[in-house]
>>> print(open('my_file_38.csv').read())   # CSV, C-alpha atoms
chain,number,residue,atom,x,y,z
O,334,MET,CA,25.3,-17.0,26.8
O,335,SER,CA,28.0,-14.4,26.3
O,336,ARG,CA,27.9,-11.2,28.2
O,337,GLY,CA,27.5,-9.2,25.0
O,338,ALA,CA,24.4,-11.2,24.0
O,339,SER,CA,23.0,-10.8,27.5
O,340,LEU,CA,23.4,-7.0,27.5
O,341,HIS,CA,21.9,-6.8,24.0
O,342,GLU,CA,18.9,-9.0,25.1
O,343,GLY,CA,18.4,-6.7,28.1
O,344,GLN,CA,18.4,-3.6,25.9
O,345,LEU,CA,16.0,-5.2,23.5
O,346,LEU,CA,13.6,-6.3,26.2
O,347,ALA,CA,13.8,-2.9,27.9
O,348,ARG,CA,12.8,-1.2,24.7
O,349,SER,CA,10.0,-3.7,24.1
O,350,LEU,CA,8.7,-2.9,27.5
O,351,LYS,CA,8.9,0.8,26.8
O,352,VAL,CA,11.5,1.5,29.5
O,353,SER,CA,12.5,4.8,28.1
O,354,LYS,CA,15.0,7.6,28.9
O,355,SER,CA,12.1,9.3,30.8
O,356,THR,CA,11.8,6.2,33.0
O,357,HIS,CA,15.6,6.3,33.6
O,358,LEU,CA,15.4,10.0,34.4
O,359,LEU,CA,12.5,9.5,36.8
O,360,VAL,CA,14.4,6.8,38.7
O,361,ALA,CA,17.6,8.8,38.8
O,362,SER,CA,15.9,12.1,39.9
O,363,VAL,CA,13.8,10.5,42.6
O,364,ALA,CA,16.9,8.7,44.0
O,365,ALA,CA,18.9,11.9,43.8
O,366,ALA,CA,16.3,14.0,45.5
O,367,VAL,CA,15.9,11.6,48.4
O,368,ALA,CA,19.6,11.0,48.8
O,369,ALA,CA,20.5,14.7,48.7
O,370,ASN,CA,18.1,15.6,51.4
O,371,ALA,CA,19.1,12.7,53.6
O,372,ALA,CA,22.8,13.2,53.2
O,373,ALA,CA,22.5,16.9,54.2
O,374,ALA,CA,20.3,16.0,57.2
O,375,ILE,CA,22.6,13.2,58.3
O,376,LEU,CA,25.4,15.7,58.9
O,377,MET,CA,23.3,17.6,61.3
O,378,THR,CA,22.1,14.9,63.6
O,379,GLY,CA,23.4,12.2,66.0
O,380,THR,CA,23.7,8.5,65.6
O,381,VAL,CA,20.0,7.7,66.3
O,382,GLY,CA,18.9,10.3,63.9
O,383,GLN,CA,21.3,9.0,61.2
O,384,ILE,CA,19.9,5.5,61.5
O,385,ALA,CA,16.4,6.8,61.4
O,386,LEU,CA,17.2,8.8,58.3
O,387,LEU,CA,18.8,5.8,56.5
O,388,ALA,CA,15.8,3.7,57.3
O,389,LEU,CA,13.6,6.5,55.9
O,390,ILE,CA,15.6,6.6,52.7
O,391,PHE,CA,15.3,2.9,52.3
O,392,VAL,CA,11.5,2.8,52.9
O,393,THR,CA,10.6,5.8,50.7
O,394,LEU,CA,12.9,4.9,47.8
O,395,ALA,CA,11.8,1.2,47.9
O,396,ALA,CA,8.2,2.3,47.7
O,397,GLY,CA,8.9,4.7,44.8
O,398,THR,CA,10.8,2.2,42.7
O,399,THR,CA,8.3,-0.5,43.4
O,400,ALA,CA,5.6,1.7,42.0
O,401,ILE,CA,7.8,2.7,38.9
O,402,SER,CA,8.6,-1.0,38.1
O,403,SER,CA,5.0,-2.1,38.6
O,404,ASP,CA,3.9,0.7,36.3
O,405,ILE,CA,6.3,-0.6,33.6
O,406,TYR,CA,4.8,-4.1,33.8
O,407,VAL,CA,1.2,-2.9,33.9
O,408,ARG,CA,1.7,-0.5,30.9
O,409,SER,CA,3.3,-3.3,28.9
O,410,SER,CA,1.0,-6.2,29.9
O,411,GLN,CA,0.1,-6.9,26.3
O,412,THR,CA,3.7,-6.9,25.2
O,413,ILE,CA,4.6,-9.2,28.1
O,414,ALA,CA,1.9,-11.6,26.9
O,415,ASN,CA,3.3,-11.4,23.4
O,416,LEU,CA,6.8,-12.0,24.6
O,417,ARG,CA,5.7,-15.0,26.6
O,418,SER,CA,4.2,-16.6,23.6
O,419,ILE,CA,7.7,-16.7,22.0
O,420,GLY,CA,9.5,-18.0,25.0
O,421,ALA,CA,10.0,-15.2,27.5
O,422,SER,CA,10.0,-16.1,31.1
O,423,SER,CA,9.2,-13.9,34.1
O,424,ARG,CA,12.8,-14.3,35.0
O,425,SER,CA,14.2,-12.9,31.7
O,426,LEU,CA,11.7,-10.0,31.7
O,427,SER,CA,12.3,-9.1,35.4
O,428,SER,CA,16.0,-9.1,34.8
O,429,ALA,CA,15.7,-6.8,31.8
O,430,VAL,CA,13.8,-4.2,33.8
O,431,PHE,CA,16.0,-4.6,36.8
O,432,PHE,CA,19.3,-4.1,35.0
O,433,SER,CA,18.0,-1.3,32.7
O,434,VAL,CA,16.8,0.7,35.7
O,435,ILE,CA,19.1,-0.1,38.6
O,436,GLY,CA,22.2,1.7,37.2
O,437,TYR,CA,20.2,4.9,37.0
O,438,GLY,CA,19.0,4.5,40.6
O,439,ILE,CA,22.6,4.0,41.8
O,440,ALA,CA,23.9,6.9,39.8
O,441,GLY,CA,21.1,9.2,41.0
O,442,SER,CA,21.8,8.2,44.6
O,443,ALA,CA,25.5,8.8,44.3
O,444,LEU,CA,25.0,12.3,42.7
O,445,GLY,CA,22.4,13.2,45.3
O,446,ALA,CA,24.5,12.0,48.3
O,447,GLY,CA,27.5,14.0,47.0
O,448,LEU,CA,25.5,17.2,46.6
O,449,GLY,CA,23.6,16.7,49.8
O,450,ALA,CA,26.8,16.2,51.8
O,451,ALA,CA,28.3,19.4,50.3
O,452,LEU,CA,25.1,21.2,51.2
O,453,GLY,CA,25.2,19.8,54.7
O,454,VAL,CA,28.8,21.0,55.3
O,455,THR,CA,27.9,24.4,53.8
O,456,LEU,CA,24.9,24.8,56.1
O,457,GLY,CA,27.1,24.0,59.2
O,458,GLY,CA,26.8,20.2,59.5
O,459,GLN,CA,29.6,17.9,60.7
O,460,GLY,CA,32.5,18.2,58.2
O,461,GLY,CA,34.9,15.5,59.5
O,462,VAL,CA,36.0,12.7,57.2
O,463,VAL,CA,34.1,10.1,59.2
O,464,SER,CA,30.9,12.0,59.2
O,465,LEU,CA,31.1,12.8,55.5
O,466,SER,CA,31.9,9.1,54.8
O,467,ILE,CA,28.9,8.0,56.8
O,468,ALA,CA,26.7,10.5,55.0
O,469,VAL,CA,27.8,9.7,51.5
O,470,LEU,CA,28.4,6.0,51.7
O,471,GLY,CA,25.5,5.3,54.0
O,472,VAL,CA,23.1,7.1,51.8
O,473,ILE,CA,24.4,5.6,48.6
O,474,LEU,CA,24.2,2.1,50.1
O,475,ALA,CA,20.7,2.6,51.6
O,476,SER,CA,19.3,4.2,48.5
O,477,SER,CA,20.9,1.7,46.1
O,478,ALA,CA,19.6,-1.2,48.1
O,479,ALA,CA,16.2,0.4,48.3
O,480,ALA,CA,16.1,0.9,44.5
O,481,ALA,CA,17.2,-2.7,43.9
O,482,ALA,CA,14.6,-4.0,46.4
O,483,GLY,CA,11.9,-1.8,44.9
O,484,VAL,CA,12.5,-2.8,41.3
O,485,TYR,CA,12.6,-6.5,42.3
O,486,ALA,CA,9.4,-6.2,44.5
O,487,GLY,CA,7.6,-4.5,41.7
O,488,GLY,CA,8.3,-7.4,39.3
O,489,ARG,CA,7.4,-10.1,41.8
O,490,ARG,CA,4.2,-8.3,42.8
O,491,THR,CA,3.2,-8.1,39.1
O,492,TRP,CA,4.0,-11.7,38.3
O,493,SER,CA,2.2,-13.1,41.3
O,494,SER,CA,-0.9,-11.2,40.6
I,686,MET,CA,-11.7,-35.8,7.8
I,687,GLU,CA,-11.9,-36.4,11.5
I,688,GLN,CA,-14.3,-34.5,13.8
I,689,LEU,CA,-13.5,-33.1,17.2
I,690,GLY,CA,-16.0,-31.9,19.6
I,691,LEU,CA,-18.7,-34.4,18.8
I,692,LEU,CA,-16.6,-37.3,17.8
I,693,GLN,CA,-13.7,-38.0,20.2
I,694,ARG,CA,-10.6,-39.9,19.0
I,695,ASN,CA,-9.1,-42.6,21.1
I,696,GLU,CA,-5.9,-43.8,19.6
I,697,GLY,CA,-3.3,-45.8,21.5
I,698,LEU,CA,-0.9,-43.8,23.6
I,699,GLY,CA,2.8,-44.3,23.2
I,700,GLN,CA,6.2,-42.8,24.2
I,701,GLY,CA,8.3,-40.8,21.8
I,702,ARG,CA,6.2,-41.1,18.7
I,703,PHE,CA,3.9,-38.2,19.4
I,704,ALA,CA,4.6,-34.5,19.1
I,705,VAL,CA,1.3,-33.7,21.0
I,706,GLU,CA,-0.8,-35.9,23.2
I,707,VAL,CA,-4.1,-34.6,24.4
I,708,LYS,CA,-5.5,-36.8,27.2
I,709,HIS,CA,-9.0,-36.3,28.4
I,710,VAL,CA,-8.9,-32.6,28.0
I,711,SER,CA,-11.9,-30.5,28.9
I,712,LYS,CA,-11.9,-26.7,28.5
I,713,SER,CA,-14.5,-24.2,29.6
I,714,TYR,CA,-14.7,-20.5,30.2
I,715,GLY,CA,-17.2,-20.0,33.0
I,716,GLU,CA,-20.4,-21.8,32.0
I,717,THR,CA,-19.3,-22.1,28.3
I,718,GLU,CA,-17.9,-25.5,27.5
I,719,ILE,CA,-15.4,-25.5,24.6
I,720,TYR,CA,-14.2,-29.1,24.7
I,721,THR,CA,-15.2,-32.1,26.7
I,722,ASP,CA,-13.0,-35.1,27.3
I,723,LEU,CA,-10.9,-34.5,24.2
I,724,HIS,CA,-8.4,-37.4,23.6
I,725,PHE,CA,-6.1,-37.7,20.6
I,726,GLN,CA,-2.4,-37.6,19.5
I,727,LEU,CA,-0.4,-36.0,16.8
I,728,LEU,CA,2.5,-38.0,15.4
I,729,LYS,CA,5.9,-36.3,15.1
I,730,GLY,CA,6.5,-35.0,11.7
I,731,THR,CA,2.8,-34.8,10.7
I,732,PHE,CA,1.1,-31.8,9.1
I,733,VAL,CA,-2.3,-31.3,10.6
I,734,ALA,CA,-5.0,-28.7,9.6
I,735,LEU,CA,-7.7,-27.8,12.1
I,736,VAL,CA,-10.8,-26.5,10.5
I,737,GLY,CA,-14.2,-25.4,11.8
I,738,PRO,CA,-16.5,-22.4,12.2
I,739,ILE,CA,-15.3,-19.1,13.7
I,740,GLY,CA,-15.7,-19.3,17.4
I,741,SER,CA,-15.5,-23.1,17.6
I,742,GLY,CA,-12.4,-23.1,19.8
I,743,LYS,CA,-9.6,-23.7,17.2
I,744,THR,CA,-7.4,-20.9,18.7
I,745,THR,CA,-8.1,-22.2,22.2
I,746,MET,CA,-6.7,-25.6,21.2
I,747,LEU,CA,-3.6,-24.0,19.6
I,748,ASN,CA,-3.0,-22.0,22.7
I,749,MET,CA,-3.3,-25.1,24.9
I,750,PHE,CA,-0.7,-26.8,22.7
I,751,ALA,CA,1.6,-23.8,23.2
I,752,GLY,CA,0.9,-23.7,27.0
I,753,LEU,CA,-0.6,-20.2,26.7
I,754,ASP,CA,-3.9,-21.5,27.9
I,755,LYS,CA,-4.4,-24.3,30.4
I,756,PRO,CA,-7.2,-27.0,30.1
I,757,SER,CA,-9.8,-27.0,32.8
I,758,SER,CA,-9.0,-30.7,33.3
I,759,GLY,CA,-6.9,-33.3,31.6
I,760,THR,CA,-3.3,-33.3,30.3
I,761,VAL,CA,-1.5,-31.9,27.3
I,762,ILE,CA,1.8,-33.5,26.6
I,763,VAL,CA,4.1,-31.8,24.0
I,764,MET,CA,7.2,-33.6,22.9
I,765,GLY,CA,7.0,-35.9,25.9
I,766,GLN,CA,6.6,-33.1,28.4
I,767,ASP,CA,3.5,-32.5,30.4
I,768,ILE,CA,3.1,-28.8,29.9
I,769,THR,CA,0.0,-28.5,32.1
I,770,LYS,CA,2.2,-29.1,35.1
I,771,MET,CA,5.0,-26.7,34.2
I,772,SER,CA,5.7,-23.4,36.0
I,773,ASP,CA,5.5,-20.2,34.0
I,774,ASP,CA,9.3,-19.9,33.7
I,775,ALA,CA,9.7,-23.6,32.7
I,776,LEU,CA,7.0,-23.1,30.1
I,777,GLY,CA,8.8,-20.1,28.7
I,778,GLU,CA,12.0,-22.0,28.3
I,779,PHE,CA,10.2,-25.0,26.8
I,780,ARG,CA,8.4,-22.7,24.3
I,781,ALA,CA,11.6,-21.0,23.3
I,782,ALA,CA,13.3,-24.3,22.5
I,783,THR,CA,10.4,-26.4,21.2
I,784,ILE,CA,7.6,-24.3,19.6
I,785,GLY,CA,7.4,-21.8,16.8
I,786,PHE,CA,4.2,-19.9,17.2
I,787,VAL,CA,2.4,-17.7,14.7
I,788,PRO,CA,-0.7,-16.2,16.3
I,789,GLN,CA,-3.6,-14.9,14.4
I,790,VAL,CA,-3.3,-11.5,16.0
I,791,GLN,CA,0.0,-9.7,15.4
I,792,THR,CA,2.3,-9.9,18.4
I,793,LEU,CA,5.4,-8.3,17.0
I,794,ILE,CA,7.0,-5.5,19.0
I,795,PRO,CA,6.2,-2.4,16.9
I,796,GLU,CA,9.2,-0.4,18.3
I,797,LEU,CA,11.8,-2.9,17.2
I,798,THR,CA,13.2,-3.6,13.8
I,799,VAL,CA,12.4,-6.7,11.7
I,800,ARG,CA,15.7,-8.2,12.7
I,801,GLU,CA,15.3,-7.5,16.4
I,802,ASN,CA,11.9,-9.0,16.4
I,803,VAL,CA,13.1,-12.1,14.6
I,804,GLU,CA,16.0,-12.7,17.0
I,805,LEU,CA,14.0,-12.3,20.2
I,806,PRO,CA,13.2,-16.1,20.6
I,807,LEU,CA,16.9,-16.8,20.2
I,808,HIS,CA,17.7,-14.6,23.2
I,809,PHE,CA,15.0,-16.5,25.3
I,810,ALA,CA,16.5,-19.8,24.2
I,811,LYS,CA,20.0,-18.6,25.4
I,812,VAL,CA,21.6,-19.0,21.9
I,813,ASP,CA,25.1,-17.6,21.8
I,814,ARG,CA,25.7,-14.4,19.9
I,815,GLU,CA,27.4,-16.0,16.9
I,816,ASP,CA,24.6,-18.6,16.4
I,817,LEU,CA,22.1,-15.9,16.9
I,818,GLN,CA,23.4,-13.8,14.0
I,819,ARG,CA,23.8,-16.8,11.8
I,820,LYS,CA,20.3,-18.2,12.5
I,821,THR,CA,18.7,-14.8,12.1
I,822,ASP,CA,20.4,-14.1,8.8
I,823,TYR,CA,19.4,-17.6,7.5
I,824,VAL,CA,15.7,-17.3,8.4
I,825,LEU,CA,15.5,-13.7,7.0
I,826,GLU,CA,16.9,-14.9,3.8
I,827,LYS,CA,14.7,-18.1,3.8
I,828,VAL,CA,11.5,-16.1,4.2
I,829,GLY,CA,12.7,-13.4,1.7
I,830,ILE,CA,12.7,-10.4,4.0
I,831,ARG,CA,16.4,-9.9,4.6
I,832,GLY,CA,16.2,-6.6,2.7
I,833,GLU,CA,13.7,-5.3,5.2
I,834,SER,CA,15.7,-6.3,8.3
I,835,LYS,CA,16.5,-2.8,9.4
I,836,ARG,CA,12.9,-1.5,9.0
I,837,VAL,CA,10.9,-0.8,12.2
I,838,VAL,CA,8.0,-3.1,12.3
I,839,SER,CA,5.4,-0.4,12.8
I,840,THR,CA,6.2,0.8,9.2
I,841,LEU,CA,5.3,-2.6,7.6
I,842,SER,CA,2.1,-3.7,5.9
I,843,VAL,CA,-0.1,-6.4,7.5
I,844,GLY,CA,1.2,-9.0,5.1
I,845,GLU,CA,4.9,-8.0,5.7
I,846,LYS,CA,4.3,-8.3,9.4
I,847,GLN,CA,2.9,-11.8,9.0
I,848,MET,CA,6.1,-12.7,7.1
I,849,VAL,CA,8.1,-11.4,10.0
I,850,SER,CA,6.0,-13.5,12.4
I,851,PHE,CA,6.8,-16.6,10.3
I,852,ALA,CA,10.5,-15.8,10.4
I,853,ARG,CA,10.3,-15.3,14.1
I,854,ALA,CA,8.5,-18.7,14.6
I,855,MET,CA,11.1,-20.5,12.5
I,856,VAL,CA,14.3,-18.8,13.6
I,857,ASN,CA,15.2,-21.3,16.3
I,858,ASP,CA,14.4,-24.3,14.1
I,859,PRO,CA,11.7,-25.6,16.5
I,860,PRO,CA,10.4,-29.2,16.1
I,861,ILE,CA,6.8,-27.9,16.3
I,862,LEU,CA,5.2,-25.1,14.4
I,863,LEU,CA,1.8,-23.8,15.5
I,864,LEU,CA,0.1,-21.4,13.2
I,865,ASP,CA,-3.3,-19.7,13.6
I,866,GLU,CA,-4.9,-18.8,10.3
I,867,PRO,CA,-1.4,-18.2,8.8
I,868,THR,CA,-2.5,-17.2,5.3
I,869,GLU,CA,-5.3,-14.9,6.2
I,870,ALA,CA,-3.5,-11.6,5.8
I,871,LEU,CA,-1.2,-12.7,3.0
I,872,ASP,CA,-1.5,-11.9,-0.7
I,873,PRO,CA,-1.4,-15.0,-3.0
I,874,LEU,CA,2.4,-14.7,-3.7
I,875,MET,CA,3.3,-14.3,0.0
I,876,ALA,CA,0.9,-17.2,0.9
I,877,GLU,CA,2.7,-19.4,-1.8
I,878,VAL,CA,6.1,-18.6,-0.2
I,879,ILE,CA,4.9,-19.5,3.3
I,880,LEU,CA,3.1,-22.7,2.3
I,881,GLY,CA,6.2,-23.8,0.3
I,882,LEU,CA,8.3,-23.2,3.4
I,883,LEU,CA,5.9,-25.1,5.7
I,884,ARG,CA,5.7,-28.0,3.2
I,885,GLY,CA,9.5,-28.1,2.9
I,886,ASP,CA,10.1,-27.9,6.7
I,887,ASN,CA,7.5,-30.6,7.2
I,888,LEU,CA,8.8,-33.0,4.5
I,889,THR,CA,12.6,-32.5,4.7
I,890,GLN,CA,13.1,-31.6,8.3
I,891,GLY,CA,10.3,-33.6,9.8
I,892,LYS,CA,8.8,-30.7,11.6
I,893,THR,CA,5.3,-31.2,13.1
I,894,VAL,CA,3.0,-28.5,11.7
I,895,PHE,CA,-0.4,-27.7,13.2
I,896,VAL,CA,-2.4,-25.1,11.5
I,897,THR,CA,-5.9,-23.7,12.1
I,898,THR,CA,-7.3,-22.5,8.8
I,899,HIS,CA,-10.1,-21.8,6.5
I,900,ASP,CA,-7.8,-21.8,3.5
I,901,ARG,CA,-8.3,-24.7,1.1
I,902,ARG,CA,-4.7,-24.4,-0.1
I,903,VAL,CA,-3.6,-25.2,3.5
I,904,THR,CA,-5.9,-28.2,3.9
I,905,GLU,CA,-4.7,-29.6,0.6
I,906,LEU,CA,-1.2,-29.6,1.9
I,907,ALA,CA,-2.0,-31.2,5.2
I,908,ARG,CA,-1.7,-34.9,5.7
I,909,ARG,CA,-4.5,-34.9,8.3
I,910,THR,CA,-7.4,-32.6,8.7
I,911,LEU,CA,-9.4,-32.3,12.0
I,912,ARG,CA,-12.7,-30.6,12.1
I,913,VAL,CA,-14.3,-28.9,15.0
I,914,LYS,CA,-17.9,-29.3,14.3
I,915,LYS,CA,-19.7,-27.3,16.9
I,916,ARG,CA,-19.9,-23.5,17.1
I,917,ILE,CA,-19.7,-22.5,20.7
I,918,PRO,CA,-23.0,-20.7,21.7
>>> encode(input="my_file_38.csv", output="C-alpha cells")
Amino acid sequence: MSRGASLHEGQLLARSLKVSKSTHLLVASVAAAVAANAAAAILMTGTVGQIALLALIFVTLAAGTTAISSDIYVRSSQTIANLRSIGASSRSLSSAVFFSVIGYGIAGSALGAGLGAALGVTLGGQGGVVSLSIAVLGVILASSAAAAAGVYAGGRRTWSS
Amino acid sequence: MEQLGLLQRNEGLGQGRFAVEVKHVSKSYGETEIYTDLHFQLLKGTFVALVGPIGSGKTTMLNMFAGLDKPSSGTVIVMGQDITKMSDDALGEFRAATIGFVPQVQTLIPELTVRENVELPLHFAKVDREDLQRKTDYVLEKVGIRGESKRVVSTLSVGEKQMVSFARAMVNDPPILLLDEPTEALDPLMAEVILGLLRGDNLTQGKTVFVTTHDRRVTELARRTLRVKKRIP
C-alpha cells in the first residue's frame, strides 16, 4: 500500500471514530502542561530529582493518554462494530487512532518543554547548555514515549475487554 | 424449498466446491436455542434465499457466515477457511478480501461522504491508491450513485443509504455477497436496479449470493431457497 493511501486511510478512520480537533487539542494541551511544569522544575533540582520528575511525567502522561484513547474507542464502539463488518481489524483501527493523536502529543510536549525551560531559567534555574538540553530533550522524550505508550495501551485495553 | 431448524440437511462434504460449509453448528444465546446441529453446504456461484418468520435466526446465520457471530459449537468454513478458528485481525482481513456484507441496519459512517464510505473496504483490503480510485468509480457508476459521491451520508434518504451499502459491499469484487433483507428499504425502481445487479454478478461473475428476505422478487431470483421454520420463543 502506498504511503499516500495509508495516510488517507488513517484520516478517514480517525474521522469515522470521531477523533476531532478537540481531541487533538486535548492531547496537545495535556502534554504541554505537564512538559512545561516538568521542564521548569528540572532546572531547579539535582540528578535524583530530575530522574524522579522524568518518571513522573511518563506515568502521568501515559495515564492521561490511555484514558483519552480508551474514551475514543468507547464512544465509537458502534462505529467500530460497523467497520469490523466490512473488514477493519483491531490493528488498522488502533493504528489510525495512534497516528492521528501521537503527532499532537509530541508537538505539545515540545512546546511545553521549550516554554518550561525558558520559565525555569527566568526563575533562576540552571541555565547551562547541558542543563537546558537535559530539561528540553529529556522532557520531550519522556512525554512523547508516555503519549505513545498511553495511546497504545488504551487501544489494547479496549480490544482485549 | 428446504427447511432448516426442523429438517437438517446432510449433503456430502467436499473441498473447493463450496462457498460455505456449515458443519454441525449449534447456536444459542443463554438458554435460547437458535440452531441445533445444523449441517449443510452452499455451492460456489449459487444464489440462495433464506426465508422465515421474523426472529427465527436468519440474521444470526448471516452473521455467522460473515464471522461477526460465532457458533456455540460446530464449524463454519467460508471459501475453504475455517472462520470459527480465526483471530479477530485475521477475520477482518478475510472479510475485507472475501465478503461483501449488506446488513439490515445501516452501518454507514454518517460523517463521511458517499465516496469515502464506499472506498473504506478497499483500505482494509490494502488495495493501492490507483486501484482504489478505479474500483470506487466503477462501483459508484454501476450502482448509479456516482452523482451523489460527494454528498455526506447523513444527508441521504434511507433508500439512498441502502444503495451506498450495496456499492460498499460490491466495491472490492468479493466472491461472496451476504445481504440481510436488501430490498426492504428500497422503492420499486431501486429494488429493480439492485436485483438486476445481484442477478448479473451471480450469473456472469459466478458470485455466491446469500440473502435473507421476505421479498417474493428475491426468492424468484434465487436458485435455492432455504426456510427457517421455527420462530424462536
>>> residues_near_point(input="my_file_38.csv", point="(12.5, 0.5, 47.3)", cutoff="8 Å", atoms="only C-alpha atoms", output="PyMOL selection string")
chain O and resi 391-399+476+478-484+486
>>> interface_residues(input="my_file_38.csv", of="chain O", to="chain I", cutoff="9 Å", atoms="all atoms listed in the file", output="PDB file with C-alpha atoms, in the coordinates of the input")
ATOM      1  CA  MET O 334      25.300 -17.000  26.800  1.00  0.00           C
ATOM      2  CA  SER O 335      28.000 -14.400  26.300  1.00  0.00           C
ATOM      3  CA  GLY O 337      27.500  -9.200  25.000  1.00  0.00           C
ATOM      4  CA  ALA O 338      24.400 -11.200  24.000  1.00  0.00           C
ATOM      5  CA  SER O 339      23.000 -10.800  27.500  1.00  0.00           C
ATOM      6  CA  HIS O 341      21.900  -6.800  24.000  1.00  0.00           C
ATOM      7  CA  GLU O 342      18.900  -9.000  25.100  1.00  0.00           C
ATOM      8  CA  LEU O 345      16.000  -5.200  23.500  1.00  0.00           C
ATOM      9  CA  LEU O 346      13.600  -6.300  26.200  1.00  0.00           C
ATOM     10  CA  ARG O 348      12.800  -1.200  24.700  1.00  0.00           C
ATOM     11  CA  SER O 349      10.000  -3.700  24.100  1.00  0.00           C
ATOM     12  CA  LYS O 351       8.900   0.800  26.800  1.00  0.00           C
ATOM     13  CA  GLN O 411       0.100  -6.900  26.300  1.00  0.00           C
ATOM     14  CA  THR O 412       3.700  -6.900  25.200  1.00  0.00           C
ATOM     15  CA  ALA O 414       1.900 -11.600  26.900  1.00  0.00           C
ATOM     16  CA  ASN O 415       3.300 -11.400  23.400  1.00  0.00           C
ATOM     17  CA  LEU O 416       6.800 -12.000  24.600  1.00  0.00           C
ATOM     18  CA  ARG O 417       5.700 -15.000  26.600  1.00  0.00           C
ATOM     19  CA  SER O 418       4.200 -16.600  23.600  1.00  0.00           C
ATOM     20  CA  ILE O 419       7.700 -16.700  22.000  1.00  0.00           C
ATOM     21  CA  GLY O 420       9.500 -18.000  25.000  1.00  0.00           C
ATOM     22  CA  ALA O 421      10.000 -15.200  27.500  1.00  0.00           C
ATOM     23  CA  SER O 422      10.000 -16.100  31.100  1.00  0.00           C
ATOM     24  CA  SER O 423       9.200 -13.900  34.100  1.00  0.00           C
ATOM     25  CA  ARG O 424      12.800 -14.300  35.000  1.00  0.00           C
ATOM     26  CA  SER O 425      14.200 -12.900  31.700  1.00  0.00           C
TER      27      SER O 425
END
>>> atom_distance(input="my_file_38.csv", atom1="CA of Leu841 in chain I", atom2="CA of Ser409 in chain O")
21.4 Å
>>> closest_residue(input="my_file_38.csv", among="O:Ala347, O:Ala373, O:Ala366, O:Leu359", to="Gly457 in chain O", atoms="only C-alpha atoms")
O:Ala373
>>> residues_near_point(input="my_file_38.csv", point="(-4.6, -31.0, 31.7)", cutoff="10 Å", atoms="only C-alpha atoms", output="VMD selection string")
chain I and resid 707 to 712 749 755 to 762 767 to 770
>>> atom_distance(input="my_file_38.csv", atom1="CA of Phe851 in chain I", atom2="CA of Gly832 in chain I")
15.7 Å
>>> atom_distance(input="my_file_38.csv", atom1="CA of Val896 in chain I", atom2="CA of Asp858 in chain I")
17.0 Å
>>> closest_residue(input="my_file_38.csv", among="O:Ala429, O:Val363, O:Val352, O:Leu376", to="Leu452 in chain O", atoms="only C-alpha atoms")
O:Leu376
>>> residues_around(input="my_file_38.csv", residues="Ala734 in chain I", least_positions_apart="4", cutoff="6 Å", atoms="all atoms listed in the file", output="list in words")
Phe895, Val896, Thr897, Thr904, Ala907 and Thr910 of chain I
>>> residues_around(input="my_file_38.csv", residues="Ser464 in chain O", least_positions_apart="3", cutoff="10 Å", atoms="only C-alpha atoms", output="VMD selection string")
chain O and resid 375 to 377 450 458 to 461 467 to 470
